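Participant: target_20.pdb is reproduced below (PDB, C-alpha atoms).
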ATOM      1  CA  MET A 111      75.334  82.389  92.395  1.00  0.00           C
ATOM      2  CA  SER A 112      77.211  83.422  95.565  1.00  0.00           C
ATOM      3  CA  LYS A 113      78.391  86.964  96.114  1.00  0.00           C
ATOM      4  CA  ARG A 114      82.002  85.732  95.986  1.00  0.00           C
ATOM      5  CA  VAL A 115      81.516  84.124  92.576  1.00  0.00           C
ATOM      6  CA  ALA A 116      79.692  87.204  91.266  1.00  0.00           C
ATOM      7  CA  ALA A 117      82.538  89.453  92.440  1.00  0.00           C
ATOM      8  CA  LEU A 118      85.130  87.253  90.752  1.00  0.00           C
ATOM      9  CA  LEU A 119      83.216  87.228  87.485  1.00  0.00           C
ATOM     10  CA  LEU A 120      82.928  91.019  87.661  1.00  0.00           C
ATOM     11  CA  THR A 121      86.685  91.255  88.179  1.00  0.00           C
ATOM     12  CA  VAL A 122      87.271  89.063  85.115  1.00  0.00           C
ATOM     13  CA  ALA A 123      84.994  91.296  83.046  1.00  0.00           C
ATOM     14  CA  LEU A 124      86.833  94.421  84.198  1.00  0.00           C
ATOM     15  CA  LEU A 125      90.197  92.872  83.373  1.00  0.00           C
ATOM     16  CA  ALA A 126      89.010  92.126  79.849  1.00  0.00           C
ATOM     17  CA  GLY A 127      87.415  95.512  79.201  1.00  0.00           C
ATOM     18  CA  CYS A 128      90.009  98.058  80.386  1.00  0.00           C
ATOM     19  CA  THR A 129      92.408  99.654  77.926  1.00  0.00           C
ATOM     20  CA  THR A 130      96.021  98.546  78.169  1.00  0.00           C
ATOM     21  CA  ALA A 131      98.911 100.801  79.131  1.00  0.00           C
ATOM     22  CA  ALA A 132     100.175 100.557  75.542  1.00  0.00           C
ATOM     23  CA  GLN A 133      96.831 101.755  74.179  1.00  0.00           C
ATOM     24  CA  ARG A 134      96.831 104.716  76.558  1.00  0.00           C
ATOM     25  CA  GLN A 135     100.418 105.571  75.599  1.00  0.00           C
ATOM     26  CA  TYR A 136      99.580 105.362  71.890  1.00  0.00           C
ATOM     27  CA  GLN A 137      96.643 107.733  72.308  1.00  0.00           C
ATOM     28  CA  ALA A 138      98.809 110.144  74.321  1.00  0.00           C
ATOM     29  CA  ILE A 139     101.515 110.126  71.627  1.00  0.00           C
ATOM     30  CA  LYS A 140      98.991 110.567  68.821  1.00  0.00           C
ATOM     31  CA  SER A 141      97.160 113.415  70.550  1.00  0.00           C
ATOM     32  CA  ASN A 142     100.349 115.240  71.582  1.00  0.00           C
ATOM     33  CA  ASN A 143     102.045 114.956  68.193  1.00  0.00           C
ATOM     34  CA  GLN A 144      98.964 116.053  66.277  1.00  0.00           C
ATOM     35  CA  SER A 145      98.678 119.081  68.558  1.00  0.00           C
ATOM     36  CA  ALA A 146     102.392 119.872  68.168  1.00  0.00           C
ATOM     37  CA  LEU A 147     102.295 119.702  64.368  1.00  0.00           C
ATOM     38  CA  GLN A 148      99.125 121.783  64.238  1.00  0.00           C
ATOM     39  CA  ASP A 149     100.748 124.416  66.451  1.00  0.00           C
ATOM     40  CA  LEU A 150     103.826 124.407  64.195  1.00  0.00           C
ATOM     41  CA  GLN A 151     101.731 124.933  61.093  1.00  0.00           C
ATOM     42  CA  THR A 152      99.749 127.742  62.712  1.00  0.00           C
ATOM     43  CA  CYS A 153     102.886 129.465  64.022  1.00  0.00           C
ATOM     44  CA  ALA A 154     104.849 129.133  60.767  1.00  0.00           C
ATOM     45  CA  MET A 155     101.865 130.214  58.684  1.00  0.00           C
ATOM     46  CA  ALA A 156     101.522 133.389  60.736  1.00  0.00           C
ATOM     47  CA  VAL A 157     105.160 134.259  60.000  1.00  0.00           C
ATOM     48  CA  TYR A 158     104.910 133.279  56.329  1.00  0.00           C
ATOM     49  CA  ASN A 159     101.780 135.384  55.740  1.00  0.00           C
ATOM     50  CA  SER A 160     103.028 138.412  57.647  1.00  0.00           C
ATOM     51  CA  PRO A 161     103.704 141.640  55.709  1.00  0.00           C
ATOM     52  CA  GLU A 162     107.366 141.467  56.746  1.00  0.00           C
ATOM     53  CA  PHE A 163     107.818 138.114  54.998  1.00  0.00           C
ATOM     54  CA  ALA A 164     106.248 139.315  51.738  1.00  0.00           C
ATOM     55  CA  PRO A 165     109.537 139.883  49.827  1.00  0.00           C
ATOM     56  CA  LEU A 166     110.441 136.198  50.239  1.00  0.00           C
ATOM     57  CA  ARG A 167     107.154 134.522  49.319  1.00  0.00           C
ATOM     58  CA  ARG A 168     107.786 134.547  45.576  1.00  0.00           C
ATOM     59  CA  HIS A 169     110.940 132.519  46.176  1.00  0.00           C
ATOM     60  CA  LEU A 170     109.780 130.230  48.981  1.00  0.00           C
ATOM     61  CA  PRO A 171     106.684 127.996  49.100  1.00  0.00           C
ATOM     62  CA  PHE A 172     105.097 127.466  52.516  1.00  0.00           C
ATOM     63  CA  LYS A 173     105.598 123.718  52.083  1.00  0.00           C
ATOM     64  CA  PRO A 174     108.841 122.784  50.298  1.00  0.00           C
ATOM     65  CA  THR A 175     107.080 119.871  48.599  1.00  0.00           C
ATOM     66  CA  ASP A 176     104.617 122.339  47.031  1.00  0.00           C
ATOM     67  CA  ALA A 177     107.311 124.333  45.240  1.00  0.00           C
ATOM     68  CA  THR A 178     106.442 125.412  41.727  1.00  0.00           C
ATOM     69  CA  LEU A 179     108.672 124.702  38.755  1.00  0.00           C
ATOM     70  CA  GLU A 180     109.508 128.414  38.643  1.00  0.00           C
ATOM     71  CA  GLN A 181     110.674 128.345  42.260  1.00  0.00           C
ATOM     72  CA  LEU A 182     112.680 125.152  41.732  1.00  0.00           C
ATOM     73  CA  THR A 183     114.514 126.650  38.743  1.00  0.00           C
ATOM     74  CA  ASP A 184     114.952 130.159  40.148  1.00  0.00           C
ATOM     75  CA  ALA A 185     118.564 131.030  39.303  1.00  0.00           C
ATOM     76  CA  SER A 186     118.598 134.391  41.092  1.00  0.00           C
ATOM     77  CA  LEU A 187     120.722 134.994  44.172  1.00  0.00           C
ATOM     78  CA  ALA A 188     119.340 136.539  47.332  1.00  0.00           C
ATOM     79  CA  THR A 189     119.511 140.331  47.309  1.00  0.00           C
ATOM     80  CA  ASP A 190     120.797 142.319  50.266  1.00  0.00           C
ATOM     81  CA  GLU A 191     117.223 143.334  51.091  1.00  0.00           C
ATOM     82  CA  GLU A 192     116.035 139.710  50.993  1.00  0.00           C
ATOM     83  CA  ILE A 193     118.925 138.665  53.205  1.00  0.00           C
ATOM     84  CA  ARG A 194     117.948 141.362  55.698  1.00  0.00           C
ATOM     85  CA  VAL A 195     114.383 139.990  55.796  1.00  0.00           C
ATOM     86  CA  ILE A 196     115.661 136.425  56.186  1.00  0.00           C
ATOM     87  CA  LEU A 197     117.787 137.409  59.186  1.00  0.00           C
ATOM     88  CA  GLU A 198     114.883 139.279  60.791  1.00  0.00           C
ATOM     89  CA  GLU A 199     112.260 136.563  60.257  1.00  0.00           C
ATOM     90  CA  HIS A 200     114.435 133.545  60.962  1.00  0.00           C
ATOM     91  CA  PRO A 201     114.254 133.817  64.806  1.00  0.00           C
ATOM     92  CA  LYS A 202     110.452 133.741  64.600  1.00  0.00           C
ATOM     93  CA  LEU A 203     110.435 130.519  62.598  1.00  0.00           C
ATOM     94  CA  GLN A 204     113.100 129.054  64.839  1.00  0.00           C
ATOM     95  CA  SER A 205     110.870 129.759  67.844  1.00  0.00           C
ATOM     96  CA  CYS A 206     108.020 127.862  66.134  1.00  0.00           C
ATOM     97  CA  ARG A 207     110.276 124.857  65.534  1.00  0.00           C
ATOM     98  CA  GLN A 208     111.697 124.888  69.056  1.00  0.00           C
ATOM     99  CA  HIS A 209     108.228 124.884  70.592  1.00  0.00           C
ATOM    100  CA  THR A 210     107.287 121.881  68.456  1.00  0.00           C
ATOM    101  CA  MET A 211     110.396 119.915  69.402  1.00  0.00           C
ATOM    102  CA  ASP A 212     109.854 120.674  73.096  1.00  0.00           C
ATOM    103  CA  GLN A 213     106.279 119.396  72.867  1.00  0.00           C
ATOM    104  CA  ILE A 214     107.119 116.261  70.877  1.00  0.00           C
ATOM    105  CA  SER A 215     109.962 115.380  73.252  1.00  0.00           C
ATOM    106  CA  GLN A 216     107.371 114.854  75.997  1.00  0.00           C
ATOM    107  CA  THR A 217     105.934 111.711  74.374  1.00  0.00           C
ATOM    108  CA  THR A 218     108.231 110.871  71.438  1.00  0.00           C
ATOM    109  CA  PRO A 219     111.807 111.810  72.370  1.00  0.00           C
ATOM    110  CA  THR A 220     113.268 109.543  69.675  1.00  0.00           C
ATOM    111  CA  ALA A 221     111.709 111.774  67.001  1.00  0.00           C
ATOM    112  CA  VAL A 222     113.549 114.880  68.214  1.00  0.00           C
ATOM    113  CA  PRO A 223     116.950 113.960  66.663  1.00  0.00           C
ATOM    114  CA  ILE A 224     115.177 113.491  63.324  1.00  0.00           C
ATOM    115  CA  PHE A 225     113.591 116.931  63.566  1.00  0.00           C
ATOM    116  CA  LEU A 226     116.971 118.375  64.551  1.00  0.00           C
ATOM    117  CA  GLY A 227     118.554 116.714  61.523  1.00  0.00           C
ATOM    118  CA  ILE A 228     115.943 118.216  59.203  1.00  0.00           C
ATOM    119  CA  THR A 229     116.400 121.656  60.769  1.00  0.00           C
ATOM    120  CA  THR A 230     120.203 121.519  60.655  1.00  0.00           C
ATOM    121  CA  LYS A 231     120.338 120.553  56.982  1.00  0.00           C
ATOM    122  CA  SER A 232     117.789 123.240  56.122  1.00  0.00           C
ATOM    123  CA  GLU A 233     119.837 125.819  58.051  1.00  0.00           C
ATOM    124  CA  ASP A 234     123.010 124.779  56.213  1.00  0.00           C
ATOM    125  CA  SER A 235     121.236 125.447  52.933  1.00  0.00           C
ATOM    126  CA  LEU A 236     119.959 128.790  54.218  1.00  0.00           C
ATOM    127  CA  ILE A 237     123.503 129.821  55.153  1.00  0.00           C
ATOM    128  CA  ASP A 238     124.679 129.040  51.637  1.00  0.00           C
ATOM    129  CA  LEU A 239     121.799 131.162  50.303  1.00  0.00           C
ATOM    130  CA  ILE A 240     122.681 134.098  52.579  1.00  0.00           C
ATOM    131  CA  GLN A 241     126.340 133.851  51.607  1.00  0.00           C
ATOM    132  CA  LYS A 242     125.276 133.811  47.953  1.00  0.00           C
ATOM    133  CA  LYS A 243     126.887 130.448  47.363  1.00  0.00           C
ATOM    134  CA  GLN A 244     123.720 129.100  45.787  1.00  0.00           C
ATOM    135  CA  SER A 245     120.586 130.349  44.075  1.00  0.00           C
ATOM    136  CA  TRP A 246     117.046 130.477  45.426  1.00  0.00           C
ATOM    137  CA  GLY A 247     116.148 127.487  43.256  1.00  0.00           C
ATOM    138  CA  ALA A 248     119.023 125.402  44.609  1.00  0.00           C
ATOM    139  CA  HIS A 249     117.963 126.291  48.156  1.00  0.00           C
ATOM    140  CA  VAL A 250     114.346 125.281  47.533  1.00  0.00           C
ATOM    141  CA  ARG A 251     115.435 121.982  45.976  1.00  0.00           C
ATOM    142  CA  ARG A 252     117.670 121.203  48.950  1.00  0.00           C
ATOM    143  CA  ILE A 253     115.046 121.891  51.595  1.00  0.00           C
ATOM    144  CA  ARG A 254     112.481 119.949  49.526  1.00  0.00           C
ATOM    145  CA  ASP A 255     114.778 116.903  49.453  1.00  0.00           C
ATOM    146  CA  VAL A 256     115.578 117.281  53.170  1.00  0.00           C
ATOM    147  CA  THR A 257     111.859 117.456  53.979  1.00  0.00           C
ATOM    148  CA  ILE A 258     111.033 114.335  51.974  1.00  0.00           C
ATOM    149  CA  ALA A 259     113.906 112.341  53.503  1.00  0.00           C
ATOM    150  CA  GLY A 260     113.013 113.545  57.000  1.00  0.00           C
ATOM    151  CA  ALA A 261     109.367 112.596  56.552  1.00  0.00           C
ATOM    152  CA  ALA A 262     110.438 109.068  55.585  1.00  0.00           C
ATOM    153  CA  GLU A 263     112.616 108.834  58.717  1.00  0.00           C
ATOM    154  CA  LEU A 264     109.788 110.061  60.927  1.00  0.00           C
ATOM    155  CA  GLN A 265     107.398 107.541  59.373  1.00  0.00           C
ATOM    156  CA  ALA A 266     109.867 104.707  59.971  1.00  0.00           C
ATOM    157  CA  GLU A 267     110.352 105.788  63.588  1.00  0.00           C
ATOM    158  CA  GLY A 268     106.585 105.976  64.046  1.00  0.00           C
ATOM    159  CA  GLN A 269     106.206 102.434  62.747  1.00  0.00           C
ATOM    160  CA  HIS A 270     108.978 101.262  65.086  1.00  0.00           C
ATOM    161  CA  ILE A 271     107.266 102.874  68.085  1.00  0.00           C
ATOM    162  CA  GLU A 272     103.889 101.446  67.078  1.00  0.00           C
ATOM    163  CA  ALA A 273     105.341  97.933  66.720  1.00  0.00           C
ATOM    164  CA  GLY A 274     106.819  98.162  70.220  1.00  0.00           C
ATOM    165  CA  LEU A 275     103.521  99.352  71.660  1.00  0.00           C
ATOM    166  CA  GLN A 276     101.693  96.521  69.887  1.00  0.00           C
ATOM    167  CA  GLN A 277     104.013  93.980  71.524  1.00  0.00           C
ATOM    168  CA  SER A 278     103.414  95.570  74.927  1.00  0.00           C
ATOM    169  CA  HIS A 279      99.663  95.561  74.276  1.00  0.00           C
ATOM    170  CA  GLU A 280      99.621  91.855  73.398  1.00  0.00           C
ATOM    171  CA  ALA A 281     101.809  90.987  76.390  1.00  0.00           C
ATOM    172  CA  GLU A 282      99.464  92.801  78.775  1.00  0.00           C
ATOM    173  CA  LEU A 283      96.441  91.096  77.225  1.00  0.00           C
ATOM    174  CA  GLY A 284      98.188  87.762  77.797  1.00  0.00           C
ATOM    175  CA  ARG A 285      98.794  88.602  81.449  1.00  0.00           C
ATOM    176  CA  ARG A 286      95.174  89.664  81.840  1.00  0.00           C
ATOM    177  CA  GLN A 287      93.944  86.434  80.298  1.00  0.00           C
ATOM    178  CA  ALA A 288      96.166  84.412  82.619  1.00  0.00           C
ATOM    179  CA  ALA A 289      94.822  86.353  85.606  1.00  0.00           C
ATOM    180  CA  ALA A 290      91.231  85.864  84.422  1.00  0.00           C
ATOM    181  CA  ASP A 291      91.773  82.133  83.934  1.00  0.00           C
ATOM    182  CA  ALA A 292      93.284  81.864  87.403  1.00  0.00           C
ATOM    183  CA  LEU A 293      90.315  83.683  88.938  1.00  0.00           C
ATOM    184  CA  VAL A 294      87.826  81.402  87.186  1.00  0.00           C
ATOM    185  CA  HIS A 295      89.749  78.319  88.303  1.00  0.00           C
ATOM    186  CA  TYR A 296      89.863  79.660  91.858  1.00  0.00           C
ATOM    187  CA  SER A 297      86.113  80.277  91.777  1.00  0.00           C
ATOM    188  CA  GLN A 298      85.417  76.746  90.564  1.00  0.00           C
ATOM    189  CA  THR A 299      87.684  75.244  93.232  1.00  0.00           C
ATOM    190  CA  GLN A 300      86.020  77.250  95.976  1.00  0.00           C
ATOM    191  CA  GLN A 301      82.589  76.143  94.760  1.00  0.00           C
ATOM    192  CA  ILE A 302      83.643  72.493  94.961  1.00  0.00           C
ATOM    193  CA  ILE A 303      85.033  72.972  98.460  1.00  0.00           C
ATOM    194  CA  ASN A 304      81.882  74.765  99.578  1.00  0.00           C
ATOM    195  CA  ASN A 305      79.752  71.912  98.271  1.00  0.00           C
ATOM    196  CA  MET A 306      81.892  69.363 100.082  1.00  0.00           C
ATOM    197  CA  ASN A 307      81.600  71.281 103.348  1.00  0.00           C
ATOM    198  CA  ARG A 308      77.831  71.777 103.090  1.00  0.00           C
ATOM    199  CA  PRO A 309      76.096  70.078 106.050  1.00  0.00           C
ATOM    200  CA  VAL A 310      74.023  66.983 105.230  1.00  0.00           C
ATOM    201  CA  ILE A 311      70.482  67.066 106.629  1.00  0.00           C
ATOM    202  CA  THR A 312      68.737  63.697 106.872  1.00  0.00           C
ATOM    203  CA  ASN A 313      65.006  63.353 107.213  1.00  0.00           C
ATOM    204  CA  CYS A 314      63.781  59.996 108.493  1.00  0.00           C
ATOM    205  CA  ASN A 315      60.223  58.767 108.532  1.00  0.00           C
ATOM    206  CA  ARG A 316      58.945  55.603 110.152  1.00  0.00           C
ATOM    207  CA  PHE A 317      56.349  53.501 108.363  1.00  0.00           C
ATOM    208  CA  GLY A 318      55.281  50.757 110.607  1.00  0.00           C
ATOM    209  CA  GLY A 319      58.390  48.691 111.259  1.00  0.00           C
ATOM    210  CA  MET A 320      60.412  50.400 108.562  1.00  0.00           C
ATOM    211  CA  VAL A 321      62.442  53.639 108.691  1.00  0.00           C
ATOM    212  CA  ASN A 322      62.968  55.597 105.442  1.00  0.00           C
ATOM    213  CA  CYS A 323      65.776  58.310 105.522  1.00  0.00           C
ATOM    214  CA  VAL A 324      66.385  60.905 102.797  1.00  0.00           C
ATOM    215  CA  SER A 325      69.538  63.113 102.671  1.00  0.00           C
ATOM    216  CA  GLN A 326      69.051  66.693 101.599  1.00  0.00           C
TER     217      GLN A 326
END
Would you give me this structure, written as structure tokens?

Facilitator:
Amino acid sequence: MSKRVAALLLTVALLAGCTTAAQRQYQAIKSNNQSALQDLQTCAMAVYNSPEFAPLRRHLPFKPTDATLEQLTDASLATDEEIRVILEEHPKLQSCRQHTMDQISQTTPTAVPIFLGITTKSEDSLIDLIQKKQSWGAHVRRIRDVTIAGAAELQAEGQHIEAGLQQSHEAELGRRQAAADALVHYSQTQQIINNMNRPVITNCNRFGGMVNCVSQ
């Protein structure tokens, strides 16, 4: 095998083995979003478990979907003291959310409006709680429903992004295969041309009155 042919075959192998741009983008999105959500949970948990937040914990579950029946049916209104705590702790939680949205926007900007929608609806419910227009139970039910609906939207957007990346992945694989096929065809053509251009060496031997010639 000539060095040229070996180099071409190595190129074909490299084309087939490298990850596609879509695969690299998918891994970047997955890694970034997992990190962002983990940071959000850590940040929010620190606020939720702080001594300052203690007066609110009996009303609010850490995860809205984990609310107890007692919390969901809590008919009490927020007291002035509870409202004071809400107003003091809210900026801390808002900072956690903002950091998460900033991080997610780096790789998944289309998810940011969904997060903003979830936050806005949750804030609207919180305002009604502070203004004593609704009970703690009504507030918990609203943010639970907002969380569930938002999670469904985020899942749908994730599936949409993944489908687009899959199409890009398959398209790149197709281009790689076409390039590999072209390289193989080029190699075969060059081999034929090289064989045609190879010099013909003829050995002739005389036996008496006869001459016998053999081409090599």

Participant: Near Tyr158 (chain A), counting all atoms listed in the file, which residues have an atom at most 9 Å away, once you skip same-chain residues fewer than 6 positions from it, shown as a PDB file with C-alpha atoms, in the frame of the given file?

Facilitator:
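Output contents, as saved in selection31.pdb:
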ATOM      1  CA  ALA A 164     106.248 139.315  51.738  1.00  0.00           C
ATOM      2  CA  LEU A 166     110.441 136.198  50.239  1.00  0.00           C
ATOM      3  CA  ARG A 167     107.154 134.522  49.319  1.00  0.00           C
ATOM      4  CA  PHE A 172     105.097 127.466  52.516  1.00  0.00           C
ATOM      5  CA  GLU A 199     112.260 136.563  60.257  1.00  0.00           C
ATOM      6  CA  LEU A 203     110.435 130.519  62.598  1.00  0.00           C
TER       7      LEU A 203
END

Participant: Starting from the PyMOL selection byres ((chain A and resi 188) around 8), expand the selection into actual residues of this file and give them as a PDB file with C-alpha atoms, in the coordinates of the input.

Facilitator:
ATOM      1  CA  SER A 186     118.598 134.391  41.092  1.00  0.00           C
ATOM      2  CA  LEU A 187     120.722 134.994  44.172  1.00  0.00           C
ATOM      3  CA  THR A 189     119.511 140.331  47.309  1.00  0.00           C
ATOM      4  CA  ASP A 190     120.797 142.319  50.266  1.00  0.00           C
ATOM      5  CA  GLU A 192     116.035 139.710  50.993  1.00  0.00           C
ATOM      6  CA  ILE A 193     118.925 138.665  53.205  1.00  0.00           C
ATOM      7  CA  LEU A 239     121.799 131.162  50.303  1.00  0.00           C
ATOM      8  CA  ILE A 240     122.681 134.098  52.579  1.00  0.00           C
ATOM      9  CA  LYS A 242     125.276 133.811  47.953  1.00  0.00           C
ATOM     10  CA  SER A 245     120.586 130.349  44.075  1.00  0.00           C
ATOM     11  CA  TRP A 246     117.046 130.477  45.426  1.00  0.00           C
TER      12      TRP A 246
END

Participant: Would you pick out the contacts of region 212-216 of chain A at 8 Å or less, using only C-alpha atoms, so that residues sharing its chain but fewer than 4 positions from it are not included, and give the list as an MDAnalysis selection string?

Facilitator: chainID A and resid 142:143 146 208 220:222

Participant: For Thr210 (chain A), which of A:Asp149, A:Asp176, A:Glu198, A:Glu233 is the closest residue, counting all atoms listed in the file?

Facilitator: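 Checking each candidate against Thr210 (chain A), we get A:Asp149 as the closest.
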
Participant: Might you spell out which residues the PyMOL selection byres ((chain A and resi 254) around 10) would select in the displayed file, as a list in words?

Facilitator: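 After applying the PyMOL selection byres ((chain A and resi 254) around 10), what remains is Pro171, Lys173, Pro174, Thr175, Asp176, Ala177, Leu182, Ser232, Ala248, His249, Val250, Arg251, Arg252, Ile253, Asp255, Val256, Thr257, Ile258, Ala259 and Gly260 of chain A.
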
Participant: On this file, the PyMOL selection byres ((chain A and resi 130) around 9) gives some set of residues; write that set as a PyMOL selection string.

Facilitator: chain A and resi 128-129+131-135+278-280+282-283

Participant: Excluding Arg207 (chain A) and its own-chain neighbours fewer than 6 positions away, which residues fall within 12 Å of it when counting all atoms listed in the file? Please give them as a list in words.

Facilitator: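 Result of the neighbour search: Ala146, Leu147, Gln148, Asp149, Leu150, Gln151, Thr152, Cys153, Ala154, His200, Pro201, Gln213, Ile214, Val222, Phe225, Leu226, Ile228, Thr229 and Thr230 of chain A.
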
Participant: For Gln241 (chain A), which of A:Leu197, A:Gly268, A:His209, A:Gln204 is the closest residue, counting only C-alpha atoms?

Facilitator: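 Closest residue, counting only C-alpha atoms: A:Leu197.
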
Participant: Please identify all polymer residues within 9 Å of region 271-273 of chain A, counting only C-alpha atoms, omitting same-chain residues fewer than 5 positions from it, and present them as an MDAnalysis selection string.

Facilitator: chainID A and resid 136 218 266 278

Participant: Please measure the separation of CA of Val195 (chain A) and CA of Pro161 (chain A), giving the value in Å to one decimal.

Facilitator: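 We find that CA of Val195 (chain A) and CA of Pro161 (chain A) lie 10.8 Å from each other.
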
Participant: Would you work out the distance separating CA of Leu179 (chain A) from CA of Ala262 (chain A), expressed in Å to one decimal?

Facilitator: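 It comes out at 23.0 Å.
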
Participant: Suppose you want the space between CA of Asp184 (chain A) and CA of His169 (chain A); what is it in Å?

Facilitator: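 Straight-line distance from CA of Asp184 (chain A) to CA of His169 (chain A) works out to 7.6 Å.
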
Participant: For a quick check of understanding, using all atoms listed in the file, which of A:Gln265, A:Gln181, A:Cys206, A:Arg168 has the smallest distance to Met155 (chain A)?

Facilitator: A:Cys206

Participant: Could you rebuild region 222-246 of chain A with N, CA and C atoms and give me the result as a PDB file, in the frame of the given file?

Facilitator:
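Produced file rebuild-v6.pdb, reproduced below:
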ATOM      1  N   VAL A 222     112.887 113.574  68.140  1.00  0.00           N
ATOM      2  CA  VAL A 222     113.549 114.880  68.214  1.00  0.00           C
ATOM      3  C   VAL A 222     114.841 114.930  67.399  1.00  0.00           C
ATOM      4  N   PRO A 223     115.732 113.914  67.488  1.00  0.00           N
ATOM      5  CA  PRO A 223     116.950 113.960  66.663  1.00  0.00           C
ATOM      6  C   PRO A 223     116.653 114.034  65.163  1.00  0.00           C
ATOM      7  N   ILE A 224     115.546 113.426  64.743  1.00  0.00           N
ATOM      8  CA  ILE A 224     115.177 113.491  63.324  1.00  0.00           C
ATOM      9  C   ILE A 224     114.776 114.907  62.950  1.00  0.00           C
ATOM     10  N   PHE A 225     113.970 115.540  63.801  1.00  0.00           N
ATOM     11  CA  PHE A 225     113.591 116.931  63.566  1.00  0.00           C
ATOM     12  C   PHE A 225     114.823 117.838  63.574  1.00  0.00           C
ATOM     13  N   LEU A 226     115.747 117.575  64.490  1.00  0.00           N
ATOM     14  CA  LEU A 226     116.971 118.375  64.551  1.00  0.00           C
ATOM     15  C   LEU A 226     117.793 118.199  63.278  1.00  0.00           C
ATOM     16  N   GLY A 227     117.821 116.972  62.764  1.00  0.00           N
ATOM     17  CA  GLY A 227     118.554 116.714  61.523  1.00  0.00           C
ATOM     18  C   GLY A 227     117.957 117.474  60.353  1.00  0.00           C
ATOM     19  N   ILE A 228     116.630 117.474  60.270  1.00  0.00           N
ATOM     20  CA  ILE A 228     115.943 118.216  59.203  1.00  0.00           C
ATOM     21  C   ILE A 228     116.249 119.703  59.316  1.00  0.00           C
ATOM     22  N   THR A 229     116.156 120.232  60.542  1.00  0.00           N
ATOM     23  CA  THR A 229     116.400 121.656  60.769  1.00  0.00           C
ATOM     24  C   THR A 229     117.840 122.034  60.443  1.00  0.00           C
ATOM     25  N   THR A 230     118.786 121.217  60.881  1.00  0.00           N
ATOM     26  CA  THR A 230     120.203 121.519  60.655  1.00  0.00           C
ATOM     27  C   THR A 230     120.536 121.556  59.172  1.00  0.00           C
ATOM     28  N   LYS A 231     120.057 120.588  58.420  1.00  0.00           N
ATOM     29  CA  LYS A 231     120.338 120.553  56.982  1.00  0.00           C
ATOM     30  C   LYS A 231     119.671 121.731  56.267  1.00  0.00           C
ATOM     31  N   SER A 232     118.474 122.094  56.714  1.00  0.00           N
ATOM     32  CA  SER A 232     117.789 123.240  56.122  1.00  0.00           C
ATOM     33  C   SER A 232     118.539 124.538  56.433  1.00  0.00           C
ATOM     34  N   GLU A 233     119.074 124.634  57.658  1.00  0.00           N
ATOM     35  CA  GLU A 233     119.837 125.819  58.051  1.00  0.00           C
ATOM     36  C   GLU A 233     121.139 125.915  57.252  1.00  0.00           C
ATOM     37  N   ASP A 234     121.781 124.777  57.016  1.00  0.00           N
ATOM     38  CA  ASP A 234     123.010 124.779  56.213  1.00  0.00           C
ATOM     39  C   ASP A 234     122.736 125.328  54.816  1.00  0.00           C
ATOM     40  N   SER A 235     121.602 124.941  54.256  1.00  0.00           N
ATOM     41  CA  SER A 235     121.236 125.447  52.933  1.00  0.00           C
ATOM     42  C   SER A 235     120.937 126.935  52.992  1.00  0.00           C
ATOM     43  N   LEU A 236     120.286 127.368  54.062  1.00  0.00           N
ATOM     44  CA  LEU A 236     119.959 128.790  54.218  1.00  0.00           C
ATOM     45  C   LEU A 236     121.234 129.626  54.331  1.00  0.00           C
ATOM     46  N   ILE A 237     122.226 129.108  55.024  1.00  0.00           N
ATOM     47  CA  ILE A 237     123.503 129.821  55.153  1.00  0.00           C
ATOM     48  C   ILE A 237     124.153 130.006  53.776  1.00  0.00           C
ATOM     49  N   ASP A 238     124.115 128.938  52.986  1.00  0.00           N
ATOM     50  CA  ASP A 238     124.679 129.040  51.637  1.00  0.00           C
ATOM     51  C   ASP A 238     123.921 130.070  50.803  1.00  0.00           C
ATOM     52  N   LEU A 239     122.596 130.163  51.018  1.00  0.00           N
ATOM     53  CA  LEU A 239     121.799 131.162  50.303  1.00  0.00           C
ATOM     54  C   LEU A 239     122.201 132.570  50.731  1.00  0.00           C
ATOM     55  N   ILE A 240     122.322 132.782  52.048  1.00  0.00           N
ATOM     56  CA  ILE A 240     122.681 134.098  52.579  1.00  0.00           C
ATOM     57  C   ILE A 240     124.072 134.519  52.109  1.00  0.00           C
ATOM     58  N   GLN A 241     124.972 133.547  52.037  1.00  0.00           N
ATOM     59  CA  GLN A 241     126.340 133.851  51.607  1.00  0.00           C
ATOM     60  C   GLN A 241     126.468 133.888  50.088  1.00  0.00           C
ATOM     61  N   LYS A 242     125.333 133.740  49.421  1.00  0.00           N
ATOM     62  CA  LYS A 242     125.276 133.811  47.953  1.00  0.00           C
ATOM     63  C   LYS A 242     126.141 132.745  47.278  1.00  0.00           C
ATOM     64  N   LYS A 243     126.171 131.588  47.941  1.00  0.00           N
ATOM     65  CA  LYS A 243     126.887 130.448  47.363  1.00  0.00           C
ATOM     66  C   LYS A 243     125.973 129.598  46.498  1.00  0.00           C
ATOM     67  N   GLN A 244     124.678 129.837  46.602  1.00  0.00           N
ATOM     68  CA  GLN A 244     123.720 129.100  45.787  1.00  0.00           C
ATOM     69  C   GLN A 244     122.511 129.983  45.494  1.00  0.00           C
ATOM     70  N   SER A 245     121.762 129.586  44.494  1.00  0.00           N
ATOM     71  CA  SER A 245     120.586 130.349  44.075  1.00  0.00           C
ATOM     72  C   SER A 245     119.374 130.004  44.935  1.00  0.00           C
ATOM     73  N   TRP A 246     118.309 130.780  44.750  1.00  0.00           N
ATOM     74  CA  TRP A 246     117.046 130.477  45.426  1.00  0.00           C
ATOM     75  C   TRP A 246     116.544 129.092  45.005  1.00  0.00           C
TER      76      TRP A 246
END
